[in-house]
Structure formats: C-alpha cells, structure tokens
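> Mind having a look at this structure? Questions to follow.
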Amino acid sequence: MTDANARLELAERAATAGSEIAAEGFRNNIAVETKSNKTDVVTEADRQSQRRVIEVIHDEYPDDAIVGEEDDELKEVPAEGDVWIIDPIDGTNNFVRGIPIWTTSVAAVRDGEAIAAANVCPALGDVYTADSEGTYLNGERVTVSDRTDPETFTVCPTIWWDFDRRDEYAATVRGILERFGDMRRFGCAQIVLGMVASGALDGTVTNVVPNPWDTVAGVHMVRQAGGQVTDIHGEPWTTESRGLVASNGEAHDEVLAAAREAEAHWGK
C-alpha cells in the first residue's frame with residue numbers, strides 16, 4: 001500500500017469514526033450554541049466528533065498537523081508538510097434541524113495539495129472518497145456529468161452569505177436562474193461538491209472566502225472526477241482564494257458568470 005493509499009484508508013476510517021459520534025446526537029434533542037452569529041451554530045457533537053477524528057489520525061501519524069473547524073486547531077493550511085483538514089459536521093444547521101444532509105469530512109494534504117479525501121454521510125448512507133486516480137461514491141467510481149447545454153444544468157449556490165451580504169446572494173441566485181435549467185441549495189458545501197463530482201449537480205458557486213474544512217475534500221473530489229474548480233476570477237482554486245466555482249467543465253464560463261453577478265455588490 002502506498003503512503004497516499006494508506007492516508008485515504010485512514011481518512012475514511014477517521015471520518016467514519018467521527019460520523020458515528022455525530023450520529024448519536026442526530027435528532028436527539030442536542031443542545032445548540034451559536035458562534036459568530038445567529039446562524040453559525042455548533043453542538044457538543046461537533047466537538048466530540050472532531051476529537052474522535054483526531055484520535056484516529058494521531059494513532060497513525062502523531063506528528064501531523066491538524067486544521068479543524070472546532071476547538072483550538074489550526075485554521076489555515078500550512079504550505080509545507082503533511083496536514084489533515086477536518087470538518088466534524090459540515091452542515092450543522094441541517095444537523096440541528098433534523099435534516100439528513102450533513103457529513104464528517106477529512107482530507108489529507110501534503111505541501112498544500114490534497115492527496116486523499118473522505119466525506120462520510122451516515123444519515124444518507126453515502127460515502128464519498130477520492131484518491132490520486134479518481135473519485136468514488138460508495139466504492140463505485142464516479143465522474144462529473146457530461147451535460148454541455150447550460151439550460152439543462154442544475155446549479156447550487158453554496159457557502160452562506162451573512163445578513164449584510166444578502167444582496168450578493170440574491171444576485172448570485174438571479175445569475176443562476178437566468179442561465180441554467182434549475183437550482184438547488186443544500187446547506188452542506190462538502191456534499192454539494194460531492195454531488196458535482198458524481199454528476200448529480202452540474203455546478204456550484206459562491207463569491208465568499210470559504211474555509212478549508214468546508215472545501216478541500218470536496219474540491220479534490222471534483223477535480224479527480226474530471227471537473228473544474230476556480231476562484232471568482234477564473235484562476236485555479238486554492239485555500240487562499242476568494243470565491244469557489246466548481247463545474248463539470250463543459251460550460252465553466254457560464255457557471256463562473258453566475259458567480260460574478262455578485263461582484264457588483266461585493267464590499268458594499
């Protein structure tokens with residue numbers, strides 16, 4: 001087993017262990033706290049799940065750095081070395097409302113680039129993984145959709161806009177509605193990126209600066225499935241980018257144009 005394969009196996013195993021902790025609190029009257037604003041919520045399940053993921057990882061790689069959403073873990077991805085990026089519950093707002101669209105996400109990164117990723121979605125019964133060769137849903141290889149006509153696309157706005165940025169959100173939605181056949185919003189960026197990777201969605205857009213735990217695993221999945229991921233300017237997406245635009249690559253400029261509708265309102 002290569003090191004990359006070993007890290008993929010561990011990413012899936014750690015994400016599964018963390019998701020099992022989270023699932024114990026799902027639809028179980030768990031206490032909810034807020035962080036930066038009224039819709040930025042956290043539960044004890046988030047914290048316990050992250051701790052469990054870290055335990056599993058550090059049993060194998062005790063010296064590797066951890067970037068995680070909760071507690072005092074790193075919040076930025078180091079440019080060098082082996083790093084694990086964790087979101088114990090991506091989609092916490094869904095989780096606390098009893099909506100089953102949430103995931104425990106783990107990505108293995110080396111020198112700033114993802115080499116393996118796993119998103120385990122226990123309430124849906126789905127597991128998305130990606131290695132250096134492809135992307136897989138429940139063990140079966142998947143690819144982005146082959147649709148070429150934007151009027152047949154379904155596109156999803158993702159990464160939520162704060163109350164003082166709802167003009168940007170509204171402009172993004174209008175950009176989607178004017179260009180594509182349909183729109184969805186799921187409230188879980190990692191699952192949305194997995195859906196783009198598996199062809200269930202044709203694109204997803206935001207112009208905000210996303211966190212690495214909301215994005216890195218899913219971005220790796222889209223790319224390994226044959227899709228395209230850029231920033232708001234059309235440059236290859238990195239963890240330092242503003243905006244995230246992912247598509248099947250067949251009409252990426254149109255998906256990017258929808259995201260750019262928000263730019264007239266950005267910073268106001």
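Labeling convention for the structure tokens: chains A, B, ... as they appear, residues from 1 per chain, ligands from 1 in order of appearance.
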Excluding Leu74 in chain A and residues on its chain fewer than 3 positions from it, collect all residues at most 12 Å away from it, counting only C-alpha atoms, and give them as a PyMOL selection string.
chain A and resi 64-71+77-78+83-86+211-213
> Set the distance at 6 Å and use only C-alpha atoms: which residues neighbour range 181-193 of chain A once local chain neighbours fewer than 6 positions away are removed? I'd like the list as a PyMOL selection string.
chain A and resi 90-91+151-156+158+214+218
> Expressed in Å to a single decimal, how great is the separation between CA of Gly112 in chain A and CA of Ala79 in chain A?
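Computing the Euclidean distance for CA of Gly112 in chain A and CA of Ala79 in chain A yields 4.9 Å.
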> With range 115-132 of chain A as the partner and 12 Å as the cut-off, tabulate the residues of range 193-268 of chain A that qualify, each row holding the nearest pair of atoms and their distance in Å to one decimal, using only C-alpha atoms, sorted by chain and rising number, as CSV.

```
residue,atom,partner,partner_atom,distance
A:Leu193,CA,A:Tyr128,CA,10.0
A:Gly194,CA,A:Tyr128,CA,6.6
A:Met195,CA,A:Tyr128,CA,9.3
A:Val196,CA,A:Tyr128,CA,11.4
A:Ala197,CA,A:Tyr128,CA,9.2
A:Ser198,CA,A:Tyr128,CA,9.0
A:Trp213,CA,A:Asn119,CA,11.1
A:Asp214,CA,A:Asn119,CA,10.8
A:Thr215,CA,A:Ala117,CA,10.7
A:Val216,CA,A:Ala117,CA,8.2
A:Ala217,CA,A:Ala117,CA,5.0
A:Gly218,CA,A:Ala117,CA,7.7
A:Val219,CA,A:Ala117,CA,9.4
A:His220,CA,A:Ala130,CA,6.9
A:Met221,CA,A:Ala130,CA,5.3
A:Val222,CA,A:Ala130,CA,8.9
A:Arg223,CA,A:Ala130,CA,9.3
A:Gln224,CA,A:Ala130,CA,6.8
A:Ala225,CA,A:Ala130,CA,8.4
A:Gly226,CA,A:Ala130,CA,11.7
```
> Keeping only C-alpha atoms, take the residues you just selected and write them out as a PDB file, in the first residue's frame.

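Output (part09.pdb):
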```
ATOM      1  CA  LEU A 193     -19.096  19.287  -4.099  1.00  0.00           C
ATOM      2  CA  GLY A 194     -19.517  15.530  -3.898  1.00  0.00           C
ATOM      3  CA  MET A 195     -22.700  15.873  -5.950  1.00  0.00           C
ATOM      4  CA  VAL A 196     -20.821  17.846  -8.594  1.00  0.00           C
ATOM      5  CA  ALA A 197     -18.135  15.164  -8.603  1.00  0.00           C
ATOM      6  CA  SER A 198     -20.710  12.394  -9.016  1.00  0.00           C
ATOM      7  CA  TRP A 213     -12.714  22.443   6.161  1.00  0.00           C
ATOM      8  CA  ASP A 214     -15.766  23.291   4.019  1.00  0.00           C
ATOM      9  CA  THR A 215     -13.975  22.824   0.721  1.00  0.00           C
ATOM     10  CA  VAL A 216     -10.666  20.978   0.406  1.00  0.00           C
ATOM     11  CA  ALA A 217     -12.007  17.414   0.429  1.00  0.00           C
ATOM     12  CA  GLY A 218     -14.823  18.211  -1.982  1.00  0.00           C
ATOM     13  CA  VAL A 219     -12.622  20.240  -4.325  1.00  0.00           C
ATOM     14  CA  HIS A 220     -10.269  17.259  -4.567  1.00  0.00           C
ATOM     15  CA  MET A 221     -13.250  15.051  -5.414  1.00  0.00           C
ATOM     16  CA  VAL A 222     -14.461  17.333  -8.216  1.00  0.00           C
ATOM     17  CA  ARG A 223     -11.016  17.560  -9.759  1.00  0.00           C
ATOM     18  CA  GLN A 224     -10.366  13.820  -9.546  1.00  0.00           C
ATOM     19  CA  ALA A 225     -13.770  13.223 -11.143  1.00  0.00           C
ATOM     20  CA  GLY A 226     -12.810  15.323 -14.172  1.00  0.00           C
TER      21      GLY A 226
END
```
> Per residue of range 149-225 of chain A within 10 Å of range 39-57 of chain A, note the shortest atom pair and the distance in Å to one decimal, counting only C-alpha atoms, and order the rows by chain and increasing residue number, as JSON lines.

```
{"residue": "A:Trp160", "atom": "CA", "partner": "A:Thr39", "partner_atom": "CA", "distance": 9.5}
{"residue": "A:Asp162", "atom": "CA", "partner": "A:Thr39", "partner_atom": "CA", "distance": 8.8}
{"residue": "A:Phe163", "atom": "CA", "partner": "A:Thr39", "partner_atom": "CA", "distance": 9.7}
```
> For those residues, write N, CA and C atoms to a file as a short mmCIF file (atom, residue, chain, number, x, y, z; two decimals), in the first residue's frame.

```cif
data_model
loop_
_atom_site.label_atom_id
_atom_site.label_comp_id
_atom_site.auth_asym_id
_atom_site.auth_seq_id
_atom_site.Cartn_x
_atom_site.Cartn_y
_atom_site.Cartn_z
N TRP A 160 -22.65 30.05 2.78
CA TRP A 160 -23.69 31.03 3.08
C TRP A 160 -23.18 32.45 3.19
N ASP A 162 -23.55 36.20 4.89
CA ASP A 162 -24.07 36.83 6.11
C ASP A 162 -25.19 37.80 5.77
N PHE A 163 -25.90 38.24 6.80
CA PHE A 163 -27.04 39.13 6.59
C PHE A 163 -26.65 40.39 5.83
#
```
> Among range 26-111 of chain A, which residues carry a DSSP assignment of alpha helix (DSSP H), reported as a list in words?
Glu44, Ala45, Asp46, Arg47, Gln48, Ser49, Gln50, Arg51, Arg52, Val53, Ile54, Glu55, Val56, Ile57, His58, Asp59, Glu60, Thr92, Asn93, Asn94, Phe95, Val96 and Arg97 of chain A
> Taking only C-alpha atoms into account, name the residue in A:His58, A:Arg147, A:Arg13, A:Lys35 that is nearest to Gly249 in chain A.
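The answer is A:Arg147, which sits nearest to Gly249 in chain A.
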